[in-house]
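File shown: final.cif (mmCIF, C-alpha atoms).
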data_model
loop_
_atom_site.label_atom_id
_atom_site.label_comp_id
_atom_site.auth_asym_id
_atom_site.auth_seq_id
_atom_site.Cartn_x
_atom_site.Cartn_y
_atom_site.Cartn_z
CA ALA G 122 -3.85 -17.55 25.42
CA ILE G 123 -2.56 -17.58 21.88
CA ARG G 124 -4.62 -17.62 18.76
CA THR G 125 -3.58 -20.33 16.33
CA LYS G 126 -4.61 -20.58 12.77
CA SER G 127 -4.88 -23.52 10.42
CA LEU G 128 -2.02 -23.53 7.95
CA LEU G 129 -4.44 -24.02 5.06
CA SER G 130 -6.24 -20.75 5.70
CA HIS G 131 -3.08 -18.64 5.70
CA THR G 132 -3.69 -15.78 3.26
CA VAL G 133 -1.37 -12.95 2.32
CA ASN G 134 -2.67 -9.38 2.26
CA MET G 135 -0.83 -7.51 -0.49
CA ASP G 136 -2.45 -4.12 0.22
CA SER G 137 -0.32 -3.29 3.19
CA GLN G 138 3.17 -3.57 4.57
CA GLU G 139 2.05 -6.37 6.90
CA ASN G 140 3.95 -9.07 5.13
CA ARG G 141 7.39 -7.59 4.78
CA CYS G 142 8.47 -9.77 7.66
CA PRO G 143 10.03 -13.06 6.53
CA PHE G 144 9.18 -14.85 9.77
CA GLN G 145 6.01 -16.53 10.89
CA GLU G 146 5.45 -17.90 14.36
CA TYR G 147 4.53 -21.56 14.57
CA GLN G 148 3.38 -23.61 17.50
CA ILE G 149 4.75 -27.12 17.19
CA ILE G 150 3.82 -29.97 19.48
CA GLY G 151 5.71 -33.20 19.31
CA ARG G 152 6.78 -36.21 21.29
CA LYS G 153 8.78 -39.39 21.17
CA TYR G 154 6.99 -42.36 19.59
CA PRO G 155 5.19 -44.34 22.29
CA THR G 156 6.90 -47.63 23.10
CA PRO G 157 5.77 -50.58 25.24
CA SER G 158 8.12 -49.44 28.02
CA GLU G 159 6.95 -45.82 27.71
CA PRO G 160 3.37 -45.74 26.46
CA ASN G 161 2.80 -42.04 27.23
CA PRO G 162 5.91 -40.07 26.45
CA LYS G 163 6.10 -36.46 27.49
CA ILE G 164 4.73 -34.02 24.96
CA TYR G 165 6.79 -30.95 24.12
CA ARG G 166 5.54 -27.72 22.70
CA MET G 167 7.58 -24.95 21.15
CA ARG G 168 6.96 -21.63 19.54
CA ILE G 169 9.31 -21.31 16.60
CA PHE G 170 9.97 -18.34 14.35
CA ALA G 171 10.55 -19.59 10.82
CA PRO G 172 9.73 -18.60 7.24
CA ASN G 173 7.66 -21.72 6.60
CA GLU G 174 6.50 -25.00 8.20
CA VAL G 175 9.35 -27.02 6.79
CA VAL G 176 11.96 -24.88 8.50
CA ALA G 177 9.78 -24.68 11.61
CA LYS G 178 9.61 -28.44 11.97
CA SER G 179 13.32 -28.74 11.37
CA ARG G 180 14.08 -26.19 14.06
CA PHE G 181 11.68 -27.90 16.44
CA TRP G 182 13.62 -31.14 16.16
CA TYR G 183 16.91 -29.26 16.41
CA PHE G 184 15.92 -27.78 19.77
CA VAL G 185 14.15 -30.83 21.14
CA ARG G 186 17.14 -32.98 20.23
CA LYS G 187 19.51 -30.65 22.03
CA LEU G 188 17.35 -30.03 25.08
CA LYS G 189 15.32 -33.17 25.59
CA ARG G 190 17.12 -36.04 23.86
CA VAL G 191 14.26 -36.84 21.54
CA LYS G 192 15.28 -37.37 17.96
CA LYS G 193 13.24 -36.76 14.85
CA TRP G 194 13.57 -40.31 13.62
CA LYS G 195 12.23 -41.61 16.96
CA GLY G 196 9.53 -39.02 17.37
CA GLU G 197 6.44 -37.54 15.81
CA ILE G 198 4.96 -34.09 15.43
CA LEU G 199 1.44 -34.05 16.78
CA ASP G 200 0.43 -30.60 15.67
CA ILE G 201 1.80 -27.60 13.87
CA SER G 202 -0.16 -24.39 13.61
CA LEU G 203 0.45 -20.75 12.78
CA ILE G 204 0.29 -18.26 15.62
CA GLU G 205 -1.29 -15.03 14.51
CA GLU G 206 -0.43 -11.75 16.14
CA GLU G 207 -3.52 -10.62 18.02
CA ASP G 208 -3.07 -6.89 17.69
CA LYS G 209 -1.18 -5.68 14.62
CA GLY G 210 -2.29 -2.11 15.16
CA THR G 211 -0.18 -0.98 18.12
CA ALA G 212 3.54 -0.52 18.48
CA LYS G 213 4.87 -2.77 21.21
CA ASN G 214 8.16 -3.19 23.01
CA TYR G 215 9.72 -6.63 22.96
CA GLY G 216 12.55 -7.94 25.10
CA ILE G 217 14.40 -10.75 23.39
CA TRP G 218 16.76 -13.10 25.15
CA LEU G 219 19.04 -14.87 22.74
CA ARG G 220 21.93 -17.25 22.62
CA PHE G 221 24.50 -16.41 20.03
CA GLU G 222 27.41 -18.55 18.84
CA SER G 223 30.17 -16.27 17.64
CA ARG G 224 33.56 -17.17 16.30
CA ALA G 225 34.99 -16.51 19.75
CA GLY G 226 32.45 -18.28 21.91
CA ILE G 227 28.83 -18.58 22.96
CA TYR G 228 27.13 -15.58 24.48
CA ASN G 229 23.74 -14.80 25.92
CA MET G 230 22.22 -11.49 25.05
CA TYR G 231 19.25 -9.43 25.96
CA LYS G 232 18.03 -6.95 23.37
CA GLU G 233 14.98 -4.78 23.10
CA PHE G 234 13.08 -3.97 19.94
CA ARG G 235 9.98 -2.10 19.03
CA ASP G 236 7.63 -3.44 16.44
CA VAL G 237 4.02 -4.13 15.70
CA THR G 238 4.27 -7.93 15.80
CA ARG G 239 6.44 -10.54 17.53
CA CYS G 240 7.65 -11.77 14.14
CA GLY G 241 8.61 -8.23 13.18
CA ALA G 242 10.60 -7.86 16.38
CA VAL G 243 12.38 -11.17 15.73
CA HIS G 244 13.13 -9.99 12.18
CA CYS G 245 14.60 -6.77 13.64
CA CYS G 246 16.63 -8.89 16.04
CA TYR G 247 18.12 -11.05 13.32
CA SER G 248 18.95 -8.00 11.20
CA ASN G 249 20.47 -6.25 14.18
CA MET G 250 22.59 -9.28 15.09
CA ALA G 251 23.71 -9.62 11.49
CA SER G 252 24.80 -6.01 11.32
CA LEU G 253 26.44 -5.69 14.75
CA HIS G 254 27.91 -9.15 15.22
CA CYS G 255 28.05 -10.65 11.70
CA ALA G 256 25.72 -13.29 13.05
CA ARG G 257 24.09 -15.69 10.65
CA GLY G 258 20.59 -16.95 11.39
CA ARG G 259 21.82 -20.43 12.09
CA HIS G 260 24.01 -19.17 14.97
CA ILE G 261 21.17 -17.38 16.75
CA GLN G 262 18.74 -19.10 19.11
CA ILE G 263 15.83 -17.11 20.46
CA ILE G 264 15.42 -18.22 24.05
CA LYS G 265 12.56 -16.01 25.02
CA ILE G 266 10.62 -13.08 23.67
CA VAL G 267 8.39 -11.07 25.96
CA GLU G 268 6.19 -8.08 25.34
CA LEU G 269 7.18 -5.28 27.70
CA LYS G 270 5.34 -2.30 29.05
CA ASP G 271 6.99 1.06 28.50
CA GLU G 272 8.13 1.27 32.15
CA ASP G 273 9.82 -2.12 32.02
CA CYS G 274 12.14 -1.33 29.13
CA LYS G 275 15.78 -1.10 30.07
CA ARG G 276 17.48 0.14 26.95
CA PRO G 277 17.74 3.91 26.36
CA TYR G 278 17.45 3.50 22.57
CA ILE G 279 13.95 2.09 23.14
CA GLN G 280 13.01 4.37 26.02
CA GLN G 281 13.63 7.41 23.84
CA LEU G 282 10.78 6.31 21.55
CA HIS G 283 8.17 6.23 24.28
CA GLY G 284 5.54 8.76 25.14
CA PRO G 285 2.87 10.78 23.37
CA ASP G 286 5.13 13.83 22.98
CA LEU G 287 7.67 12.15 20.73
CA LYS G 288 8.45 14.45 17.86
CA PHE G 289 11.42 14.56 15.51
CA PRO G 290 12.17 16.05 12.10
CA MET G 291 13.75 14.20 9.21
CA PRO G 292 16.95 16.14 8.62
CA HIS G 293 19.11 15.62 5.54
CA ARG G 294 16.54 13.47 3.83
CA ARG G 295 17.92 11.47 0.96
CA VAL G 296 14.87 10.66 -1.09
CA ARG G 297 14.64 7.31 -2.80
CA PHE G 298 12.53 7.70 -5.90
CA ALA G 299 9.52 5.48 -6.16
CA GLU G 300 10.04 4.84 -9.84
CA LYS G 301 12.99 2.60 -10.53
CA ARG G 302 14.14 4.48 -13.62
CA TYR G 303 14.86 7.60 -11.55
CA ARG G 304 17.12 5.71 -9.16
CA THR G 305 20.47 6.41 -10.83
CA PRO G 306 23.85 7.08 -9.26
CA PHE G 307 24.13 10.33 -11.22
CA LEU G 308 21.88 13.39 -11.02
CA ARG G 309 21.72 16.46 -13.20
CA LYS G 310 21.20 18.80 -10.31
CA ARG G 311 22.12 18.55 -6.66
CA MET G 312 19.21 16.99 -4.82
CA ASN G 313 17.31 18.98 -2.23
CA THR G 314 17.53 17.09 1.08
CA TRP G 315 15.39 19.55 3.07
CA GLN G 316 12.43 17.72 4.66
CA MET N 66 16.44 27.19 9.31
CA PRO N 67 14.16 25.67 11.92
CA PHE N 68 12.32 22.50 11.03
CA LYS N 69 8.63 22.91 10.30
CA LYS N 70 7.48 19.38 9.64
CA PHE N 71 7.94 16.76 12.32
CA VAL N 72 7.30 13.07 12.58
CA GLU N 73 4.73 13.24 15.40
CA ILE N 74 1.44 11.75 16.36
CA GLY N 75 -1.23 13.23 14.14
CA ARG N 76 1.05 14.30 11.30
CA VAL N 77 -0.46 13.59 7.89
CA ALA N 78 1.94 12.07 5.41
CA TYR N 79 1.81 11.36 1.71
CA ILE N 80 2.85 7.84 0.86
CA ALA N 81 5.20 7.90 -2.10
CA ASP N 82 6.20 4.26 -2.43
CA GLY N 83 5.10 0.79 -1.48
CA PRO N 84 1.70 -0.90 -1.46
CA CYS N 85 -0.21 2.26 -0.48
CA GLN N 86 1.46 4.57 -2.95
CA GLY N 87 -0.36 7.79 -3.77
CA LYS N 88 -2.51 7.92 -0.63
CA ILE N 89 -2.34 9.98 2.53
CA ALA N 90 -2.39 8.68 6.08
CA ALA N 91 -1.98 9.97 9.62
CA ILE N 92 0.84 8.91 11.92
CA VAL N 93 -0.70 7.16 14.92
CA ASN N 94 2.48 6.11 16.70
CA VAL N 95 6.19 6.03 16.15
CA ILE N 96 7.62 2.52 16.17
CA ASP N 97 11.26 3.44 15.85
CA GLN N 98 13.66 5.67 13.94
CA ASN N 99 12.63 4.26 10.57
CA LYS N 100 9.08 3.01 11.00
CA VAL N 101 5.82 4.55 12.04
CA LEU N 102 2.36 3.19 12.57
CA ILE N 103 0.03 4.86 10.09
CA ASP N 104 -3.70 4.82 9.59
CA GLY N 105 -5.75 6.39 6.81
CA PRO N 106 -9.36 5.28 7.23
CA THR N 107 -10.68 8.10 5.02
CA SER N 108 -8.19 7.46 2.23
CA GLY N 109 -8.20 3.67 2.13
CA VAL N 110 -4.98 2.97 4.03
CA SER N 111 -5.30 0.21 6.59
CA ARG N 112 -3.58 0.51 9.94
CA GLN N 113 -0.05 -0.73 9.49
CA ALA N 114 3.64 -0.12 10.09
CA TYR N 115 5.25 1.86 7.31
CA PRO N 116 8.84 2.94 6.68
CA LEU N 117 9.50 6.69 6.89
CA LYS N 118 11.69 6.48 3.82
CA GLN N 119 8.62 5.77 1.70
CA MET N 120 6.61 8.67 3.09
CA HIS N 121 6.72 12.41 2.75
CA LEU N 122 5.42 14.62 5.55
CA THR N 123 2.80 17.15 4.60
CA ASN N 124 2.13 20.37 6.47
CA LEU N 125 -1.24 19.04 7.61
CA SER N 126 -1.60 17.62 11.05
CA VAL N 127 -4.47 16.68 13.35
CA LYS N 128 -4.69 16.04 17.06
CA PHE N 129 -5.59 12.70 18.49
CA PRO N 130 -4.33 10.80 21.48
CA PHE N 131 -1.36 8.52 21.43
CA ASN N 132 -2.24 5.08 19.91
CA ALA N 133 -5.75 6.18 19.03
CA SER N 134 -8.07 3.65 17.48
CA THR N 135 -9.05 3.79 13.81
CA LYS N 136 -12.46 5.13 14.78
CA VAL N 137 -10.95 8.12 16.61
CA VAL N 138 -8.49 8.77 13.77
CA ARG N 139 -11.33 8.72 11.24
CA LYS N 140 -13.35 11.16 13.33
CA GLU N 141 -10.46 13.60 13.63
CA LEU N 142 -9.52 13.39 9.95
CA GLU N 143 -13.13 14.03 8.91
CA ALA N 144 -13.59 16.87 11.43
CA ASN N 145 -10.46 18.61 10.17
CA LYS N 146 -11.42 18.00 6.52
CA VAL N 147 -7.98 16.64 5.80
CA ASP N 148 -8.99 14.98 2.53
CA GLU N 149 -10.38 18.26 1.15
CA LYS N 150 -7.37 20.28 2.31
CA TRP N 151 -5.07 17.74 0.70
CA ALA N 152 -7.02 17.75 -2.57
CA ASP N 153 -6.89 21.57 -2.65
CA SER N 154 -3.18 21.76 -1.92
CA ALA N 155 -0.70 22.63 -4.65
CA TRP N 156 1.20 19.42 -4.00
CA CYS N 157 -1.80 17.22 -4.72
CA GLN N 158 -2.71 19.26 -7.81
CA ARG N 159 0.82 18.83 -9.14
CA ILE N 160 0.68 15.07 -8.63
CA LYS N 161 -2.62 14.90 -10.51
CA ALA N 162 -1.27 17.10 -13.31
CA LYS N 163 1.79 14.87 -13.63
CA ALA N 164 -0.40 11.79 -13.79
CA VAL N 165 -2.53 13.34 -16.54
CA ARG N 166 0.54 14.40 -18.50
CA LYS N 167 2.04 10.93 -18.19
CA SER N 168 -1.09 9.24 -19.45
CA MET N 169 -1.36 11.43 -22.57
CA THR N 170 -1.56 9.72 -25.93
CA ASP N 171 0.06 11.11 -29.04
CA PHE N 172 -3.28 12.63 -30.03
CA ASP N 173 -3.51 14.36 -26.63
CA ARG N 174 0.00 15.72 -27.09
CA PHE N 175 -0.99 17.02 -30.54
CA LYS N 176 -4.04 18.73 -29.06
CA LEU N 177 -1.90 20.26 -26.29
CA ARG N 178 0.62 21.55 -28.79
CA LYS N 179 -2.11 23.15 -30.90
CA ALA N 180 -3.77 24.71 -27.85
CA LYS N 181 -0.43 26.09 -26.61
CA SER N 182 0.46 27.58 -29.98
CA GLN N 183 -2.99 29.22 -30.22
CA ARG N 184 -2.57 30.75 -26.78
CA ASN N 185 0.98 31.91 -27.55
CA ARG N 186 -0.19 33.47 -30.79
CA ILE N 187 -2.83 35.54 -28.91
CA VAL N 188 -0.23 36.61 -26.34
CA THR N 189 2.39 37.53 -28.95
CA ILE N 190 -0.05 39.58 -31.04
CA ALA N 191 -1.18 41.50 -27.95
CA LEU N 192 2.41 42.01 -26.79
CA ASN N 193 3.63 43.17 -30.18
CA GLY N 194 0.66 45.58 -30.43
CA LYS N 195 1.65 47.15 -27.11
CA LYS N 196 5.33 47.32 -28.10
CA LYS N 197 4.43 49.03 -31.36
CA ALA N 198 2.33 51.59 -29.53
CA LEU N 199 5.11 52.31 -27.05
CA ARG N 200 7.72 52.57 -29.82
CA LYS N 201 5.51 55.03 -31.68
CA ALA N 202 5.18 57.06 -28.49
CA GLY N 203 8.96 57.05 -28.27
CA LYS N 204 8.97 55.24 -24.91
CA ILE N 205 11.18 52.33 -26.07
#
Turn the structure described in the file into structure tokens.
Amino acid sequence: AIRTKSLLSHTVNMDSQENRCPFQEYQIIGRKYPTPSEPNPKIYRMRIFAPNEVVAKSRFWYFVRKLKRVKKWKGEILDISLIEEEDKGTAKNYGIWLRFESRAGIYNMYKEFRDVTRCGAVHCCYSNMASLHCARGRHIQIIKIVELKDEDCKRPYIQQLHGPDLKFPMPHRRVRFAEKRYRTPFLRKRMNTWQ
Amino acid sequence: MPFKKFVEIGRVAYIADGPCQGKIAAIVNVIDQNKVLIDGPTSGVSRQAYPLKQMHLTNLSVKFPFNASTKVVRKELEANKVDEKWADSAWCQRIKAKAVRKSMTDFDRFKLRKAKSQRNRIVTIALNGKKKALRKAGKI
């Protein structure tokens, strides 16, 4: 069961880091226009990660057009609502299956990420793909995203973050000053990077 | 030199940047290399993911289970008197002193200058008196 929220009641909390993620998750339900020959066309529902409803609707038609031969100009969107993350207070593991169009060809990938929300994990995924594969957002299609239990994670870079005994120092810490005027390329004295 | 401060569950950190700047919070869980889940119910920090780059680890830490709820975190922070220990620490005092100094008006700076020169005058007179006495006694 997913909790959906009316788009009108979407508020932004500026007191926390909750909203650093540029993605929201939308549930979009649409179908072909009913015709005399087909009075009850099949209804399709998708969960799309997008920064706003406009992009979400566009992506919905993009996928439905490719997968189900229903075109935007022959169809209608019945409902679009925001899917809120139920529990933003626990770190979760997410397995993401994606389809990626590179310059060389089209590849399927499975990646794991850890984040507090599904949207955060998708944001990590896009950043990761951009850094490792020079992938632009338009070349990435998220096929599936699943929340995983710790035991079900396959990747060692995620497995190493599990467990109550996780403990690590912050060696060679390059501090970024909070105040912008102190962030200069030149310093009077060598900075102390200890802890 | 061995490391003394670790990113671990229960470590109290001072938040130096971002929306919760200036507050302390406890690390509830580690999300990944760069982000942790923090919670500071006694200091007004809501439970959220926060980047480690914007936090500084303190030497305070409490014990609570992995992924503890806000209620448990609050209980442990209050039982260990973390807020009082933080307020008494030299680090916190320095931050407050810096804030006071930064918010001084020109009149405040004038008053500070006058107070400093009065204090220095007392010190110098006392010091010179002692030097004179020692010189007379042939010790300098």
Counting only C-alpha atoms, what are the residues of chain N within 7 Å of chain G, and for each of them which pair of atoms is the nearest and at what distance in Å, to one decimal? Sort the table by chain and rising number, as CSV.
residue,atom,partner,partner_atom,distance
N:Phe68,CA,G:Pro290,CA,6.5
N:Lys70,CA,G:Pro290,CA,6.3
N:Phe71,CA,G:Pro290,CA,4.3
N:Val72,CA,G:Phe289,CA,5.3
N:Glu73,CA,G:Lys288,CA,4.6
N:Ala81,CA,G:Ala299,CA,6.4
N:Asp82,CA,G:Ala299,CA,5.1
N:Pro84,CA,G:Asp136,CA,5.5
N:Cys85,CA,G:Ser137,CA,6.7
N:Asn94,CA,G:Ala212,CA,6.9
N:Ile96,CA,G:Ala212,CA,5.6
N:Asp97,CA,G:Leu282,CA,6.4
N:Ser111,CA,G:Ser137,CA,7.0
N:Arg112,CA,G:Gly210,CA,6.0
N:Gln113,CA,G:Gly210,CA,6.3
N:Ala114,CA,G:Gln138,CA,6.5
N:Tyr115,CA,G:Gln138,CA,6.4
N:Phe131,CA,G:Pro285,CA,5.2
N:Asn132,CA,G:Thr211,CA,6.6
Residues within 7 Å of N:Leu122, all atoms listed in the file, excluding chain neighbours under 3 positions, as a list in words: Lys70, Val77, Ala78 and Tyr79 of chain N
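Using the PyMOL selection byres ((chain G and resi 239) around 9) on the file at hand returns these residues: Gln145, Glu146, Glu206, Lys213, Tyr215, Asp236, Val237, Thr238, Cys240, Gly241, Ala242, Val243, His244, Ile266, Val267 and Glu268 of chain G.
The space between atom CA of G:Arg166 and atom CA of G:Gly216 spans 21.1 Å.
Proximity of G:Asn229, G:Ser158, G:Ser179, G:Thr305 to G:Lys193, computed with all atoms listed in the file, is greatest for G:Ser179.
On the file presented, the PyMOL selection byres ((chain G and resi 199) around 9) picks out Ile149, Ile150, Gly151, Arg152, Ile164, Glu197, Ile198, Asp200 and Ile201 of chain G.
Those residues positioned at most 12 Å from (21.8, -22.1, 14.0) are Ala171, Val176, Ser179, Arg180, Phe181, Tyr183, Phe184, Lys187, Leu219, Arg220, Phe221, Glu222, Ser223, Ile227, Tyr247, Ala256, Arg257, Gly258, Arg259, His260, Ile261, Gln262 and Ile263 of chain G, judged using all atoms listed in the file.
One finds atom CA of G:Glu205 at 13.7 Å from atom CA of G:Asn173.
From atom CA of N:Leu102 back to atom CA of G:Lys301, the distance works out to 25.4 Å.
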Explicit residues for the PyMOL selection byres ((chain N and resi 124-129) around 10) (as a ChimeraX atom specification): /G:285 /N:69-71,73-78,91-93,121-123,130-134,137-138,140-142,144-147,150-151
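The residue that comes closest to G:Leu203, out of G:Arg124, G:His293, G:Arg186, G:Arg311 and on the basis of all atoms listed in the file, is G:Arg124.
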